[in-house]
Amino acid sequence: MTGTRPAADDPIDLLTAFFDTAERRADAPALTGPDGRTLGYRELARAVLTTASGLRAAGMAAGERMLFSVRPGPDGVVLALGVIAAGGTVVFADPGAGPELFTARRELARPRWAAAESLLYAVARYGRPLARRRGLLLPHYHRLGLRHVHTGRRLPGVPAGALSARRLAAGPAPADRPGPAPGQEALVVFTSGTTQAPRAVVHTRGSLGAGLVGCGSALCMGDGDVLHTDQLMMGIPALVAGAHWTMPPYGFAPAADPGRFTRGLAGATHAFCVPADLPAVLDAVERGEAALPASLRHLVLGGAPVLPGLLRRATQVLPRVRFLAVYGMTEIVPVAVATGRAKLAHRGPGDLLGTPLPGVRVRTAPDGELLVSGPNLCRGYLGEPPMTEHATGDLARLENGELVLLGRKKDMLIRGRTNIYPGLYEPAVAALPGVADAVIVGVPDTYGDERVVLAVVPERPAADRESLADAVRSRLPALIDAAALPDEVVVLDRVPVTGRTRKPDRAALRDLLGDRTAGAAR
């Protein structure tokens with residue numbers, strides 16, 4: 001493979017960075033899928049180039065978009081990178097979003113191609129009653145009027161003329177790799193938005209290159225390291241850094257079977273875990289039912305706040321592991337990375353996020369909202385003007401060059417003339433002895449006002465709830481401004497979580513606490 005390397009002052013291009021690493025790492029292992037199949041760097045790069053060549057030969061033109069509904073695995077990674085190498089755009093599409101939202105998103109993205117697993121095509125065409133009984137309303141993939149690519153063995157329901165991803169990857173490889181094109185649209189990811197107004201983030205090869213190369217460096221990944229995760233935005237940085245990316249079984253969550261999770265880490269130096277899954281792993285390790293391999297040096301936590309109580313317990317149970325907390329968002333990944341030790345050493349109010357990564361620029365608006373920009377910032381939202389700066393919705397301050405999160409604007413509570421920002425106080429409460437998690441929400445009372453309720457989760461399930469609540473209550477005046485003190489402290493087994501990253505579900509917590517109050521009043 002040949003190609004032109006970008007000058008030192010040129011933007012980082014995702015594909016250039018990947019192919020440079022593939023040439024350097026050659027036959028070193030690059031990617032191991034859930035089925036144990038391993039591709040070396042040379043083999044992976046060749047498959048990407050061959051896929052790109054096959055797509056172009058099949059009629060894919062530069063700038064065309066592909067709806068992408070393929071689970072993480074070698075075939076999916078090869079196809080996604082191959083689409084980008086062909087000049088196209090990968091549009092992540094959740095088939096379980098519901099027909100109306102799926103249709104609205106498709107109309108916004110205007111794709112000409114679709115990629116899905118053969119099983120999804122088959123179920124969408126012939127297994128709709130079964131899927132509906134399980135609460136899954138799948139779109140009619142075979143009626144989309146698009147060119148199709150399927151992964152896996154061809155099954156009934158795959159449209160006639162659909163291309164096989166495996167066959168695309170097995171064709172003759174072109175002699176040259178694509179040249180740098182940092183401005184090329186590469187990825188579309190849908191975020192918040194209703195059926196009437198769906199919203200999608202557009203990343204270029206340059207913004208992805210800057211973000212994912214920076215991520216790999218910040219997470220201390222390099223040649224010979226092994227990262228275990230099913231997260232694409234963690235795995236691609238590993239490939240660019242020269243590490244070996246290994247994947248767990250499809251749909252597997254560490255909390256579901258901690259022993260299986262730790263066994264899957266054999267030989268790994270790095271692993272990713274959402275904070276909500278970590279307590280189950282720690283419980284299993286303490287009971288002697290699971291053990292992390294001696295090879296594991298870094299455990300990366302992201303997708304939700306990483307609170308002191310969890311980190312304190314994690315460092316006690318896993319003293320050899322270095323914890324890294326990633327702060328970022330779809331629009332700009334990542335913004336900052338903080339070590340667990342630094343987060344625990346932070347003594348002021350708020351949650352330490354760490355030093356912004358090189359090139360990332362931060363400032364705060366007059367109301368304290370964090371504004372970010374830099375080479376890893378997305379191009380903007382699909383169908384909207386280009387973005388030069390992203391308003392995160394987070395309240396933060398810069399303290400000695402480090403970012404400190406004070407809370408979410410939308411989580412703000414109002415008591416009289418006082419604005420209460422839960423994120424300003426939750427980390428300090430979660431750092432109290434015996435507390436693993438702490439969330440502050442407003443719960444409507446019978447008079448139409450809101451009570452400020454602090455929900456805490458004990459570090460140990462068998463803890464005396466009443467004693468813990470009393471202990472927390474006695475310490476609050478030293479941690480929380482008098483005007484923001486909660487009306488009530490409740491102890492829960494767990495805080496409800498939502499989404500793939502399992503962030504605290506404040507709406508569900510409000511409902512839960514409201515139901516408790518209503519039940520007590522009856």
# chains A, B, ... in the order shown; residues from 1 in each chain; ligands from 1
>>> residues_around(residues="Phe68 (chain A)", least_positions_apart="3", cutoff="7 Å", atoms="only C-alpha atoms", output="number ranges by chain")
A: 90-93, 114-116
>>> select_by_dssp(residues="region 79-218 of chain A", states="helix (DSSP H, G or I)", output="ChimeraX atom specification")
/A:79-85,95-97,99-109,118-126,128-133,141-143,165-169,205-218
>>> closest_residue(among="A:Ala243, A:Ala276, A:Val158, A:Ala266", to="Arg125 (chain A)", atoms="only C-alpha atoms")
A:Val158
>>> residues_around(residues="Gly206 (chain A)", least_positions_apart="5", cutoff="9 Å", atoms="only C-alpha atoms", output="mmCIF file with C-alpha atoms, in the first residue's frame")
data_model
loop_
_atom_site.group_PDB
_atom_site.id
_atom_site.type_symbol
_atom_site.label_atom_id
_atom_site.label_comp_id
_atom_site.auth_asym_id
_atom_site.auth_seq_id
_atom_site.Cartn_x
_atom_site.Cartn_y
_atom_site.Cartn_z
ATOM 1 C CA PRO A 11 -5.208 18.331 10.193
ATOM 2 C CA ILE A 12 -5.178 14.746 11.395
ATOM 3 C CA ASP A 13 -7.129 12.517 9.006
ATOM 4 C CA LEU A 14 -8.693 9.397 10.529
ATOM 5 C CA PRO A 180 -5.865 12.686 3.153
ATOM 6 C CA ALA A 181 -9.311 14.304 3.060
ATOM 7 C CA PRO A 182 -9.909 15.739 6.538
ATOM 8 C CA GLY A 183 -12.880 17.775 5.333
ATOM 9 C CA GLN A 184 -14.804 14.755 4.021
ATOM 10 C CA GLU A 185 -18.056 13.990 5.805
ATOM 11 C CA ALA A 186 -17.548 10.600 7.462
ATOM 12 C CA GLY A 211 -10.514 13.221 18.514
ATOM 13 C CA PRO A 375 -10.004 20.249 15.847
ATOM 14 C CA ASN A 376 -12.125 17.365 17.168
#
>>> atom_distance(atom1="CA of Val281 (chain A)", atom2="CA of Asp230 (chain A)")
17.3 Å
>>> residues_around(residues="Pro358 (chain A)", least_positions_apart="2", cutoff="8 Å", atoms="only C-alpha atoms", output="list of chain:residue names")
A:Gly214, A:Pro356, A:Val360
>>> write_last_selection(atoms="all heavy atoms", output="compact mmCIF listing (two decimals), in the first residue's frame")
# COMPACT_ATOMS: atom_id res chain seq x y z
N GLY A 214 -6.25 11.66 19.64
CA GLY A 214 -6.04 12.25 20.96
C GLY A 214 -6.55 11.36 22.08
O GLY A 214 -5.94 11.28 23.15
N PRO A 356 -8.09 19.87 29.82
CA PRO A 356 -8.53 19.69 28.43
C PRO A 356 -7.41 19.12 27.58
O PRO A 356 -6.24 19.46 27.74
CB PRO A 356 -8.91 21.12 28.00
CG PRO A 356 -9.26 21.82 29.27
CD PRO A 356 -8.33 21.24 30.31
N VAL A 360 -7.95 21.27 22.44
CA VAL A 360 -9.32 21.55 22.86
C VAL A 360 -9.35 22.91 23.56
O VAL A 360 -8.58 23.16 24.50
CB VAL A 360 -9.87 20.45 23.79
CG1 VAL A 360 -11.24 20.84 24.33
CG2 VAL A 360 -9.95 19.13 23.05
>>> select_by_dssp(residues="region 140-277 of chain A", states="strand (DSSP E)", output="PyMOL selection string")
chain A and resi 147-151+163-164+185-193+198-204+226-228+244-246+270-273
>>> residues_around(residues="Pro111 (chain A)", least_positions_apart="4", cutoff="7 Å", atoms="only C-alpha atoms", output="PDB file with C-alpha atoms, in the first residue's frame")
ATOM      1  CA  GLU A  64     -23.387   9.175  -0.468  1.00  0.00           C
ATOM      2  CA  ARG A  65     -24.667   8.058   2.917  1.00  0.00           C
ATOM      3  CA  MET A  66     -25.271   4.562   4.262  1.00  0.00           C
ATOM      4  CA  LEU A  67     -27.760   3.755   7.042  1.00  0.00           C
ATOM      5  CA  ARG A 106     -33.959   8.577   7.289  1.00  0.00           C
TER       6      ARG A 106
END
>>> decode(residues="region 217-238 of chain A", atoms="N, CA, C and O atoms", output="CSV table (one decimal), in the first residue's frame")
chain,number,residue,atom,x,y,z
A,217,SER,N,-4.1,8.5,22.9
A,217,SER,CA,-2.9,9.0,23.6
A,217,SER,C,-3.3,9.3,25.1
A,217,SER,O,-2.6,8.9,26.0
A,218,ALA,N,-4.5,9.9,25.3
A,218,ALA,CA,-4.9,10.3,26.6
A,218,ALA,C,-5.1,9.0,27.5
A,218,ALA,O,-5.0,9.1,28.7
A,219,LEU,N,-5.5,7.9,26.8
A,219,LEU,CA,-5.8,6.7,27.6
A,219,LEU,C,-4.6,5.8,27.6
A,219,LEU,O,-4.7,4.6,28.0
A,220,CYS,N,-3.4,6.3,27.3
A,220,CYS,CA,-2.2,5.6,27.4
A,220,CYS,C,-2.1,4.3,26.6
A,220,CYS,O,-1.6,3.3,27.1
A,221,MET,N,-2.7,4.3,25.4
A,221,MET,CA,-2.7,3.1,24.6
A,221,MET,C,-1.6,3.2,23.5
A,221,MET,O,-1.4,4.3,23.0
A,222,GLY,N,-0.9,2.1,23.3
A,222,GLY,CA,0.1,2.1,22.3
A,222,GLY,C,0.4,0.7,21.8
A,222,GLY,O,-0.4,-0.2,22.1
A,223,ASP,N,1.5,0.5,21.1
A,223,ASP,CA,1.8,-0.7,20.5
A,223,ASP,C,1.8,-1.8,21.6
A,223,ASP,O,2.4,-1.7,22.6
A,224,GLY,N,1.1,-2.9,21.3
A,224,GLY,CA,1.2,-4.1,22.1
A,224,GLY,C,0.1,-4.1,23.2
A,224,GLY,O,-0.1,-5.1,23.9
A,225,ASP,N,-0.5,-2.9,23.5
A,225,ASP,CA,-1.6,-2.9,24.5
A,225,ASP,C,-2.8,-3.6,24.0
A,225,ASP,O,-3.0,-3.8,22.7
A,226,VAL,N,-3.7,-4.1,24.9
A,226,VAL,CA,-4.9,-4.8,24.5
A,226,VAL,C,-6.1,-4.1,25.2
A,226,VAL,O,-6.1,-4.0,26.4
A,227,LEU,N,-7.0,-3.6,24.4
A,227,LEU,CA,-8.2,-3.0,24.9
A,227,LEU,C,-9.4,-3.9,24.7
A,227,LEU,O,-9.6,-4.4,23.6
A,228,HIS,N,-10.2,-4.1,25.7
A,228,HIS,CA,-11.4,-5.0,25.7
A,228,HIS,C,-12.6,-4.1,25.8
A,228,HIS,O,-12.9,-3.5,26.8
A,229,THR,N,-13.4,-4.0,24.7
A,229,THR,CA,-14.6,-3.2,24.7
A,229,THR,C,-15.5,-3.5,23.5
A,229,THR,O,-14.9,-3.9,22.5
A,230,ASP,N,-16.8,-3.1,23.5
A,230,ASP,CA,-17.6,-3.2,22.3
A,230,ASP,C,-17.9,-1.7,21.9
A,230,ASP,O,-18.7,-1.6,21.0
A,231,GLN,N,-17.3,-0.7,22.4
A,231,GLN,CA,-17.5,0.6,22.1
A,231,GLN,C,-16.7,1.1,20.9
A,231,GLN,O,-15.4,1.1,21.0
A,232,LEU,N,-17.3,1.5,19.8
A,232,LEU,CA,-16.6,1.9,18.6
A,232,LEU,C,-15.7,3.0,18.9
A,232,LEU,O,-14.5,3.1,18.4
A,233,MET,N,-16.2,4.0,19.6
A,233,MET,CA,-15.4,5.2,19.9
A,233,MET,C,-14.3,5.0,20.9
A,233,MET,O,-13.5,5.9,21.2
A,234,MET,N,-14.1,3.8,21.5
A,234,MET,CA,-13.0,3.4,22.2
A,234,MET,C,-12.1,2.5,21.4
A,234,MET,O,-10.8,2.6,21.5
A,235,GLY,N,-12.7,1.7,20.6
A,235,GLY,CA,-11.9,0.7,19.8
A,235,GLY,C,-11.1,1.3,18.7
A,235,GLY,O,-10.0,0.9,18.5
A,236,ILE,N,-11.7,2.3,18.0
A,236,ILE,CA,-11.0,2.9,16.9
A,236,ILE,C,-9.7,3.6,17.4
A,236,ILE,O,-8.7,3.5,16.8
A,237,PRO,N,-9.8,4.4,18.5
A,237,PRO,CA,-8.5,4.9,19.0
A,237,PRO,C,-7.5,3.9,19.3
A,237,PRO,O,-6.3,4.1,19.2
A,238,ALA,N,-7.9,2.7,19.8
A,238,ALA,CA,-6.9,1.6,20.0
A,238,ALA,C,-6.3,1.2,18.7
A,238,ALA,O,-5.0,1.0,18.7
